[in-house]
$ cat input-v7.pdb   # PDB, C-alpha atoms
ATOM      1  CA  MET A   1      -5.875 -14.082  33.061
ATOM      2  CA  LYS A   2      -2.917 -14.301  30.693
ATOM      3  CA  LYS A   3      -1.930 -17.263  28.581
ATOM      4  CA  VAL A   4       1.035 -17.724  26.314
ATOM      5  CA  ARG A   5       0.486 -19.660  23.119
ATOM      6  CA  PHE A   6       2.130 -19.837  19.744
ATOM      7  CA  TYR A   7      -0.141 -20.282  16.757
ATOM      8  CA  LEU A   8       0.687 -20.110  13.069
ATOM      9  CA  ASP A   9      -2.704 -21.404  11.969
ATOM     10  CA  LYS A  10      -5.502 -18.915  12.538
ATOM     11  CA  ASP A  11      -8.176 -21.621  12.269
ATOM     12  CA  GLU A  12      -6.671 -23.538  15.184
ATOM     13  CA  GLU A  13      -6.172 -20.297  17.090
ATOM     14  CA  GLN A  14      -9.813 -19.344  16.531
ATOM     15  CA  VAL A  15     -11.032 -22.715  17.790
ATOM     16  CA  TRP A  16      -9.016 -22.266  20.990
ATOM     17  CA  ILE A  17     -10.217 -18.668  21.572
ATOM     18  CA  GLN A  18     -13.805 -19.791  21.030
ATOM     19  CA  GLU A  19     -13.353 -22.660  23.501
ATOM     20  CA  MET A  20     -12.071 -20.134  26.045
ATOM     21  CA  ALA A  21     -15.111 -17.896  25.417
ATOM     22  CA  ASN A  22     -17.450 -20.860  25.801
ATOM     23  CA  LYS A  23     -15.833 -21.529  29.175
ATOM     24  CA  GLY A  24     -16.348 -17.907  30.280
ATOM     25  CA  TRP A  25     -13.065 -16.296  29.262
ATOM     26  CA  ALA A  26     -13.300 -13.510  26.681
ATOM     27  CA  LEU A  27     -10.156 -12.520  24.790
ATOM     28  CA  LYS A  28      -9.329  -8.916  25.559
ATOM     29  CA  SER A  29      -6.014  -8.400  23.828
ATOM     30  CA  PHE A  30      -3.204 -10.134  22.035
ATOM     31  CA  CYS A  31       0.437  -9.197  21.698
ATOM     32  CA  LEU A  32       3.417 -11.337  20.741
ATOM     33  CA  GLY A  33       1.923 -14.646  21.811
ATOM     34  CA  VAL A  34       0.431 -13.320  25.061
ATOM     35  CA  TYR A  35      -3.344 -13.621  25.161
ATOM     36  CA  THR A  36      -5.161 -11.639  27.847
ATOM     37  CA  PHE A  37      -8.604 -12.858  28.870
ATOM     38  CA  GLU A  38     -11.271 -11.386  31.106
ATOM     39  CA  PRO A  39     -14.251 -13.169  32.614
ATOM     40  CA  CYS A  40     -17.484 -13.213  30.578
ATOM     41  CA  GLU A  41     -20.643 -15.267  30.615
ATOM     42  CA  ALA A  42     -20.031 -18.678  29.102
ATOM     43  CA  GLY A  43     -20.867 -18.462  25.413
ATOM     44  CA  GLU A  44     -21.442 -14.709  25.506
ATOM     45  CA  TYR A  45     -19.299 -14.019  22.457
ATOM     46  CA  ILE A  46     -18.547 -15.477  19.063
ATOM     47  CA  TYR A  47     -14.956 -14.839  17.943
ATOM     48  CA  GLN A  48     -13.423 -14.625  14.492
ATOM     49  CA  ILE A  49      -9.875 -13.925  13.339
ATOM     50  CA  ASP A  50      -9.124 -12.129  10.097
ATOM     51  CA  LEU A  51      -6.179 -10.770   8.139
ATOM     52  CA  LEU A  52      -6.631  -7.247   6.786
ATOM     53  CA  ASP A  53      -5.944  -6.427   3.186
ATOM     54  CA  ASN A  54      -2.939  -4.175   3.610
ATOM     55  CA  TRP A  55      -0.462  -2.955   6.167
ATOM     56  CA  ASN A  56      -1.313   0.630   6.991
ATOM     57  CA  GLY A  57      -4.813   0.451   5.488
ATOM     58  CA  ASP A  58      -7.922   1.977   6.835
ATOM     59  CA  LYS A  59      -8.081   0.475  10.295
ATOM     60  CA  ARG A  60     -10.582   3.073  11.496
ATOM     61  CA  ASN A  61     -12.737   2.547   8.474
ATOM     62  CA  PHE A  62     -12.733  -1.217   9.053
ATOM     63  CA  ALA A  63     -13.589  -0.879  12.746
ATOM     64  CA  ASP A  64     -16.410   1.613  12.015
ATOM     65  CA  PHE A  65     -17.826  -0.649   9.344
ATOM     66  CA  MET A  66     -17.736  -3.660  11.668
ATOM     67  CA  SER A  67     -19.325  -1.793  14.570
ATOM     68  CA  GLU A  68     -22.318  -1.114  12.349
ATOM     69  CA  MET A  69     -22.875  -4.903  12.308
ATOM     70  CA  ASP A  70     -22.445  -5.186  16.104
ATOM     71  CA  VAL A  71     -18.966  -6.578  15.506
ATOM     72  CA  GLU A  72     -16.211  -5.342  17.772
ATOM     73  CA  VAL A  73     -12.525  -5.243  16.846
ATOM     74  CA  VAL A  74     -11.107  -6.624  20.098
ATOM     75  CA  SER A  75      -7.441  -6.521  19.299
ATOM     76  CA  GLN A  76      -5.194  -5.862  16.368
ATOM     77  CA  TRP A  77      -1.671  -7.063  15.765
ATOM     78  CA  TYR A  78      -0.109  -5.936  12.516
ATOM     79  CA  ARG A  79      -2.644  -6.964   9.900
ATOM     80  CA  TRP A  80      -4.252  -9.580  12.125
ATOM     81  CA  VAL A  81      -7.528  -8.661  13.807
ATOM     82  CA  PHE A  82      -9.512 -10.418  16.520
ATOM     83  CA  LEU A  83     -13.223  -9.773  16.172
ATOM     84  CA  ARG A  84     -16.198 -10.684  18.289
ATOM     85  CA  LYS A  85     -19.947 -10.368  18.358
ATOM     86  CA  ARG A  86     -22.380 -10.986  21.178
ATOM     87  CA  ALA A  87     -24.036 -14.343  20.577
ATOM     88  CA  GLU A  88     -27.431 -12.797  21.444
ATOM     89  CA  ASN A  89     -27.074 -10.536  18.366
ATOM     90  CA  GLY A  90     -27.198 -13.507  16.004
ATOM     91  CA  PRO A  91     -24.749 -15.736  14.147
ATOM     92  CA  PHE A  92     -21.338 -14.421  13.211
ATOM     93  CA  GLU A  93     -19.197 -15.615  10.372
ATOM     94  CA  MET A  94     -16.959 -13.107   8.604
ATOM     95  CA  TYR A  95     -17.086 -14.787   5.203
ATOM     96  CA  THR A  96     -20.268 -16.387   3.974
ATOM     97  CA  ASP A  97     -19.620 -17.240   0.342
ATOM     98  CA  ILE A  98     -17.020 -19.414  -1.319
ATOM     99  CA  GLU A  99     -15.472 -16.536  -3.276
ATOM    100  CA  SER A 100     -14.700 -14.459  -0.206
ATOM    101  CA  LYS A 101     -13.542 -17.507   1.763
ATOM    102  CA  ILE A 102     -11.065 -18.275  -1.020
ATOM    103  CA  GLU A 103      -9.930 -14.629  -1.001
ATOM    104  CA  GLN A 104      -9.284 -14.828   2.736
ATOM    105  CA  TYR A 105      -7.155 -17.959   2.444
ATOM    106  CA  LYS A 106      -5.258 -16.442  -0.481
ATOM    107  CA  ARG A 107      -4.493 -13.377   1.642
ATOM    108  CA  ILE A 108      -3.297 -15.526   4.520
ATOM    109  CA  LYS A 109      -1.273 -17.751   2.225
ATOM    110  CA  GLY A 110       0.461 -14.731   0.664
ATOM    111  CA  PHE A 111       1.222 -13.303   4.087
ATOM    112  CA  LEU A 112       2.647 -16.563   5.433
ATOM    113  CA  THR A 113       4.597 -17.274   2.264
ATOM    114  CA  ALA A 114       6.418 -13.957   2.689
ATOM    115  CA  GLY A 115       7.235 -14.998   6.270
ATOM    116  CA  LEU A 116       8.358 -18.417   5.066
ATOM    117  CA  VAL A 117      10.804 -16.930   2.551
ATOM    118  CA  ILE A 118      12.310 -14.624   5.179
ATOM    119  CA  GLU A 119      12.647 -17.429   7.720
ATOM    120  CA  LEU A 120      14.174 -19.732   5.134
ATOM    121  CA  ILE A 121      16.873 -17.150   4.363
ATOM    122  CA  CYS A 122      17.521 -16.743   8.104
ATOM    123  CA  PHE A 123      17.704 -20.510   8.468
ATOM    124  CA  LEU A 124      20.287 -20.926   5.696
ATOM    125  CA  GLN A 125      22.442 -18.118   7.076
ATOM    126  CA  GLU A 126      22.250 -19.515  10.577
ATOM    127  CA  LEU A 127      23.074 -22.988   9.297
ATOM    128  CA  ASN A 128      26.119 -21.620   7.526
ATOM    129  CA  VAL A 129      27.353 -19.981  10.729
ATOM    130  CA  ALA A 130      26.597 -23.128  12.743
ATOM    131  CA  ILE A 131      28.661 -25.284  10.417
ATOM    132  CA  LYS A 132      31.601 -22.861  10.643
ATOM    133  CA  LEU A 133      31.585 -22.234  14.394
ATOM    134  CA  ARG A 134      30.256 -25.574  15.657
ATOM    135  CA  GLU A 135      28.767 -24.057  18.786
ATOM    136  CA  PHE A 136      25.824 -25.608  20.569
ATOM    137  CA  GLU A 137      23.862 -22.348  20.983
ATOM    138  CA  ILE A 138      24.038 -21.622  17.281
ATOM    139  CA  TRP A 139      22.927 -25.143  16.412
ATOM    140  CA  ALA A 140      20.014 -24.734  18.830
ATOM    141  CA  ALA A 141      19.007 -21.435  17.204
ATOM    142  CA  THR A 142      19.291 -23.058  13.777
ATOM    143  CA  ALA A 143      17.009 -25.886  14.864
ATOM    144  CA  LEU A 144      14.494 -23.409  16.274
ATOM    145  CA  ILE A 145      14.341 -21.432  13.042
ATOM    146  CA  GLY A 146      14.145 -24.710  11.148
ATOM    147  CA  MET A 147      11.072 -25.683  13.155
ATOM    148  CA  LEU A 148       9.478 -22.348  12.389
ATOM    149  CA  VAL A 149      10.150 -22.883   8.689
ATOM    150  CA  LEU A 150       8.489 -26.304   8.837
ATOM    151  CA  GLY A 151       5.552 -24.884  10.795
ATOM    152  CA  LEU A 152       5.028 -22.129   8.222
ATOM    153  CA  LEU A 153       5.365 -24.616   5.398
ATOM    154  CA  ARG A 154       2.613 -26.727   6.948
ATOM    155  CA  VAL A 155       0.209 -23.794   7.268
ATOM    156  CA  VAL A 156       0.934 -22.485   3.760
ATOM    157  CA  TRP A 157       0.247 -25.970   2.433
ATOM    158  CA  LYS A 158      -2.951 -26.138   4.500
ATOM    159  CA  CYS A 159      -4.131 -22.800   3.050
ATOM    160  CA  GLN A 160      -3.495 -24.129  -0.437
ATOM    161  CA  TRP A 161      -5.444 -27.274   0.398
ATOM    162  CA  LYS A 162      -8.380 -25.220   1.746
ATOM    163  CA  ILE A 163      -8.407 -23.057  -1.387
ATOM    164  CA  LYS A 164      -8.516 -26.190  -3.529
ATOM    165  CA  GLN A 165     -11.331 -27.670  -1.424
ATOM    166  CA  LEU A 166     -13.354 -24.459  -1.669
ATOM    167  CA  LYS A 167     -12.862 -24.254  -5.433
ATOM    168  CA  GLN A 168     -14.205 -27.797  -5.792
ATOM    169  CA  GLU A 169     -17.262 -26.879  -3.733
ATOM    170  CA  GLY A 170     -17.922 -23.806  -5.861
TER     171      GLY A 170
ATOM    172  CA  MET B 171     -16.047  -3.205 -20.927
ATOM    173  CA  GLU B 172     -13.790  -5.841 -19.410
ATOM    174  CA  ASN B 173     -15.101  -9.300 -18.843
ATOM    175  CA  SER B 174     -17.008  -8.621 -15.628
ATOM    176  CA  THR B 175     -19.715 -11.272 -15.768
ATOM    177  CA  PRO B 176     -20.774 -13.687 -14.391
ATOM    178  CA  LEU B 177     -21.144 -11.831 -11.124
ATOM    179  CA  THR B 178     -21.027 -13.634  -7.823
ATOM    180  CA  GLU B 179     -24.343 -13.851  -6.031
ATOM    181  CA  ALA B 180     -23.084 -11.452  -3.350
ATOM    182  CA  ILE B 181     -21.979  -8.827  -5.912
ATOM    183  CA  PHE B 182     -25.238  -9.173  -7.840
ATOM    184  CA  TYR B 183     -27.388  -8.599  -4.782
ATOM    185  CA  ILE B 184     -25.240  -5.784  -3.427
ATOM    186  CA  LEU B 185     -25.575  -3.915  -6.736
ATOM    187  CA  LEU B 186     -29.308  -4.489  -6.571
ATOM    188  CA  ALA B 187     -29.456  -3.224  -2.983
ATOM    189  CA  LEU B 188     -27.560  -0.079  -3.989
ATOM    190  CA  ARG B 189     -30.027   1.250  -6.539
ATOM    191  CA  ASN B 190     -30.891   3.559  -3.652
ATOM    192  CA  PRO B 191     -28.273   4.895  -1.237
ATOM    193  CA  ASN B 192     -27.693   2.285   1.440
ATOM    194  CA  HIS B 193     -25.194   1.571   4.205
ATOM    195  CA  GLY B 194     -23.524  -1.654   5.342
ATOM    196  CA  TYR B 195     -26.082  -3.071   7.724
ATOM    197  CA  GLY B 196     -28.941  -1.867   5.501
ATOM    198  CA  ILE B 197     -27.492  -3.766   2.550
ATOM    199  CA  ILE B 198     -27.308  -7.016   4.529
ATOM    200  CA  GLN B 199     -30.882  -6.600   5.753
ATOM    201  CA  GLU B 200     -32.316  -5.749   2.352
ATOM    202  CA  ILE B 201     -30.631  -8.740   0.704
ATOM    203  CA  SER B 202     -31.797 -11.021   3.487
ATOM    204  CA  GLU B 203     -35.384  -9.793   3.003
ATOM    205  CA  MET B 204     -35.200 -10.131  -0.802
ATOM    206  CA  THR B 205     -34.076 -13.750  -0.510
ATOM    207  CA  ASP B 206     -36.233 -14.751   2.457
ATOM    208  CA  GLY B 207     -33.149 -15.162   4.613
ATOM    209  CA  ARG B 208     -31.344 -17.434   2.175
ATOM    210  CA  VAL B 209     -28.501 -14.952   1.510
ATOM    211  CA  VAL B 210     -27.183 -13.315   4.670
ATOM    212  CA  LEU B 211     -23.824 -11.731   3.909
ATOM    213  CA  GLY B 212     -21.062 -11.936   6.497
ATOM    214  CA  PRO B 213     -19.501  -8.581   7.411
ATOM    215  CA  GLY B 214     -16.137  -9.567   5.901
ATOM    216  CA  THR B 215     -17.722 -10.646   2.646
ATOM    217  CA  LEU B 216     -19.598  -7.348   2.390
ATOM    218  CA  TYR B 217     -16.575  -5.241   3.350
ATOM    219  CA  GLY B 218     -14.396  -6.890   0.709
ATOM    220  CA  ALA B 219     -17.088  -6.644  -1.969
ATOM    221  CA  ILE B 220     -17.726  -2.948  -1.293
ATOM    222  CA  ASN B 221     -14.016  -2.076  -1.460
ATOM    223  CA  SER B 222     -13.508  -4.032  -4.649
ATOM    224  CA  MET B 223     -16.578  -2.477  -6.332
ATOM    225  CA  VAL B 224     -15.560   1.033  -5.291
ATOM    226  CA  SER B 225     -12.144   0.503  -6.864
ATOM    227  CA  LYS B 226     -13.777  -0.830 -10.046
ATOM    228  CA  GLY B 227     -16.067   2.194 -10.144
ATOM    229  CA  TRP B 228     -19.283   0.145  -9.947
ATOM    230  CA  ILE B 229     -20.430   1.912  -6.788
ATOM    231  CA  HIS B 230     -19.362   5.111  -5.052
ATOM    232  CA  LEU B 231     -19.435   6.647  -1.605
ATOM    233  CA  TYR B 232     -22.664   8.636  -1.457
ATOM    234  CA  SER B 233     -22.597  10.145   2.019
ATOM    235  CA  GLU B 234     -20.747   9.802   5.279
ATOM    236  CA  GLU B 235     -22.030  10.589   8.758
ATOM    237  CA  LYS B 236     -19.551  12.682  10.655
ATOM    238  CA  GLU B 237     -20.774  11.756  14.111
ATOM    239  CA  SER B 238     -19.795   8.894  16.337
ATOM    240  CA  ARG B 239     -20.604   5.940  14.123
ATOM    241  CA  LYS B 240     -19.554   7.323  10.731
ATOM    242  CA  LYS B 241     -22.077   5.336   8.741
ATOM    243  CA  LYS B 242     -21.170   5.351   5.067
ATOM    244  CA  GLU B 243     -23.795   5.159   2.373
ATOM    245  CA  TYR B 244     -23.013   3.833  -1.082
ATOM    246  CA  LEU B 245     -24.810   4.127  -4.417
ATOM    247  CA  ILE B 246     -24.535   2.281  -7.727
ATOM    248  CA  THR B 247     -22.780   4.198 -10.577
ATOM    249  CA  GLU B 248     -23.607   4.330 -14.301
ATOM    250  CA  ARG B 249     -20.860   1.797 -14.803
ATOM    251  CA  GLY B 250     -22.351  -0.449 -12.122
ATOM    252  CA  ILE B 251     -25.773  -0.242 -13.762
ATOM    253  CA  GLU B 252     -24.203  -1.277 -17.080
ATOM    254  CA  VAL B 253     -22.493  -4.281 -15.484
ATOM    255  CA  PHE B 254     -25.689  -5.234 -13.676
ATOM    256  CA  ASN B 255     -27.811  -5.016 -16.830
ATOM    257  CA  GLN B 256     -25.301  -7.038 -18.784
ATOM    258  CA  GLU B 257     -25.533  -9.755 -16.132
ATOM    259  CA  VAL B 258     -29.337  -9.675 -16.145
ATOM    260  CA  LYS B 259     -29.222 -10.126 -19.918
ATOM    261  CA  ARG B 260     -26.935 -13.124 -19.543
ATOM    262  CA  LEU B 261     -29.129 -14.652 -16.849
ATOM    263  CA  SER B 262     -32.293 -14.125 -18.911
ATOM    264  CA  GLU B 263     -30.675 -15.932 -21.796
ATOM    265  CA  LEU B 264     -29.880 -18.882 -19.538
ATOM    266  CA  LEU B 265     -33.405 -18.926 -18.233
ATOM    267  CA  GLU B 266     -35.039 -18.651 -21.649
ATOM    268  CA  ASN B 267     -32.891 -21.376 -23.121
ATOM    269  CA  SER B 268     -33.615 -23.676 -20.209
ATOM    270  CA  LYS B 269     -37.342 -23.066 -20.591
ATOM    271  CA  ARG B 270     -37.199 -23.631 -24.309
ATOM    272  CA  MET B 271     -35.091 -26.785 -24.281
ATOM    273  CA  GLY B 272     -35.014 -27.989 -20.719
ATOM    274  CA  ARG B 273     -37.998 -30.242 -20.687
TER     275      ARG B 273
END

$ encode --input "input-v7.pdb" --output "structure tokens"
Amino acid sequence: MKKVRFYLDKDEEQVWIQEMANKGWALKSFCLGVYTFEPCEAGEYIYQIDLLDNWNGDKRNFADFMSEMDVEVVSQWYRWVFLRKRAENGPFEMYTDIESKIEQYKRIKGFLTAGLVIELICFLQELNVAIKLREFEIWAATALIGMLVLGLLRVVWKCQWKIKQLKQEG
Amino acid sequence: MENSTPLTEAIFYILLALRNPNHGYGIIQEISEMTDGRVVLGPGTLYGAINSMVSKGWIHLYSEEKESRKKKEYLITERGIEVFNQEVKRLSELLENSKRMGR
């Protein structure tokens, strides 16, 4: 089964993927907003989403390390990885202490901030063209990019909020 | 030495678990046993900690299996032992002071 979704917030995305797994649909792959699921036993897997440290990095190394803990790298998209573990093999949470949770949100925040800056530049350029040409299609594209900018802004802010919360806990 | 203490609980226990060569899953198990299941490191936490300690020179890659699973074993370095001992000294001071004045 394929589903198309658009998530900027990995926490929300993870909740949805887990709900699917609990209903008997295991995520098999992800590419450009298309999620492919295959049938599994309800609740067979626990899913986690993570952002790797760097672009080219040591993907093999990461996957080998994870497999030692019964964790499978299901799908990878750029630096984003979808991981799962069989529920029968015990609990699964990628980050278990405050320090590493903060590190994860900092990584995600940095990644999304870069995206935000790029989209903001695109937005301003598009807006400039829209004002000059006054064409509906260009206004529509401008609005679309504007929504993306707002969406990214929300998630970056949310990451910052999470980091602050975690620091207060620690 | 740069200001490397206090160590996080995860880093402290990983250094302790690497006084003998140990691999990822082995480290998690040993720490869990040492703490009666109180500290069970998540795979992401351990992966990040190992990479950061390797780059700081506190631990090093000891051996690597070439077969299918490529298990990597790590071992504490001289530098890591120094950092660990410095932290133990700091913790002992805390403990002694609390015993002396805490009641």

$ interface_residues --input "input-v7.pdb" --of "chain B" --to "chain A" --cutoff "6 Å" --atoms "only C-alpha atoms" --output "VMD selection string"
chain B and resid 195 211 to 215

$ atom_distance --input "input-v7.pdb" --atom1 "atom CA of Thr142 of chain A" --atom2 "atom CA of Val34 of chain A"
24.0 Å

$ atom_distance --input "input-v7.pdb" --atom1 "atom CA of Gly115 of chain A" --atom2 "atom CA of Ala141 of chain A"
17.3 Å

$ residues_around --input "input-v7.pdb" --residues "Ile229 of chain B" --least-positions-apart "6" --cutoff "8 Å" --atoms "only C-alpha atoms" --output "list in words"
Leu185, Leu188, Ile220, Met223, Tyr244, Leu245, Ile246, Thr247 and Gly250 of chain B

$ write_last_selection --input "input-v7.pdb" --atoms "C-alpha atoms" --output "PDB file, keeping the file's coordinate frame"
ATOM      1  CA  LEU B 185     -25.575  -3.915  -6.736  1.00  0.00           C
ATOM      2  CA  LEU B 188     -27.560  -0.079  -3.989  1.00  0.00           C
ATOM      3  CA  ILE B 220     -17.726  -2.948  -1.293  1.00  0.00           C
ATOM      4  CA  MET B 223     -16.578  -2.477  -6.332  1.00  0.00           C
ATOM      5  CA  TYR B 244     -23.013   3.833  -1.082  1.00  0.00           C
ATOM      6  CA  LEU B 245     -24.810   4.127  -4.417  1.00  0.00           C
ATOM      7  CA  ILE B 246     -24.535   2.281  -7.727  1.00  0.00           C
ATOM      8  CA  THR B 247     -22.780   4.198 -10.577  1.00  0.00           C
ATOM      9  CA  GLY B 250     -22.351  -0.449 -12.122  1.00  0.00           C
TER      10      GLY B 250
END

$ axis_aligned_box --input "input-v7.pdb" --around "segment 106-109 of chain A" --padding-each-side "4 Å" --output "JSON"
{"center_x": -3.3, "center_y": -15.6, "center_z": 2.0, "size_x": 12.0, "size_y": 12.4, "size_z": 13.0}

$ resolve_selection --input "input-v7.pdb" --expression "the PyMOL selection byres ((chain A and resi 24) around 12)" --output "ChimeraX atom specification"
/A:1,17-23,25-27,37-46
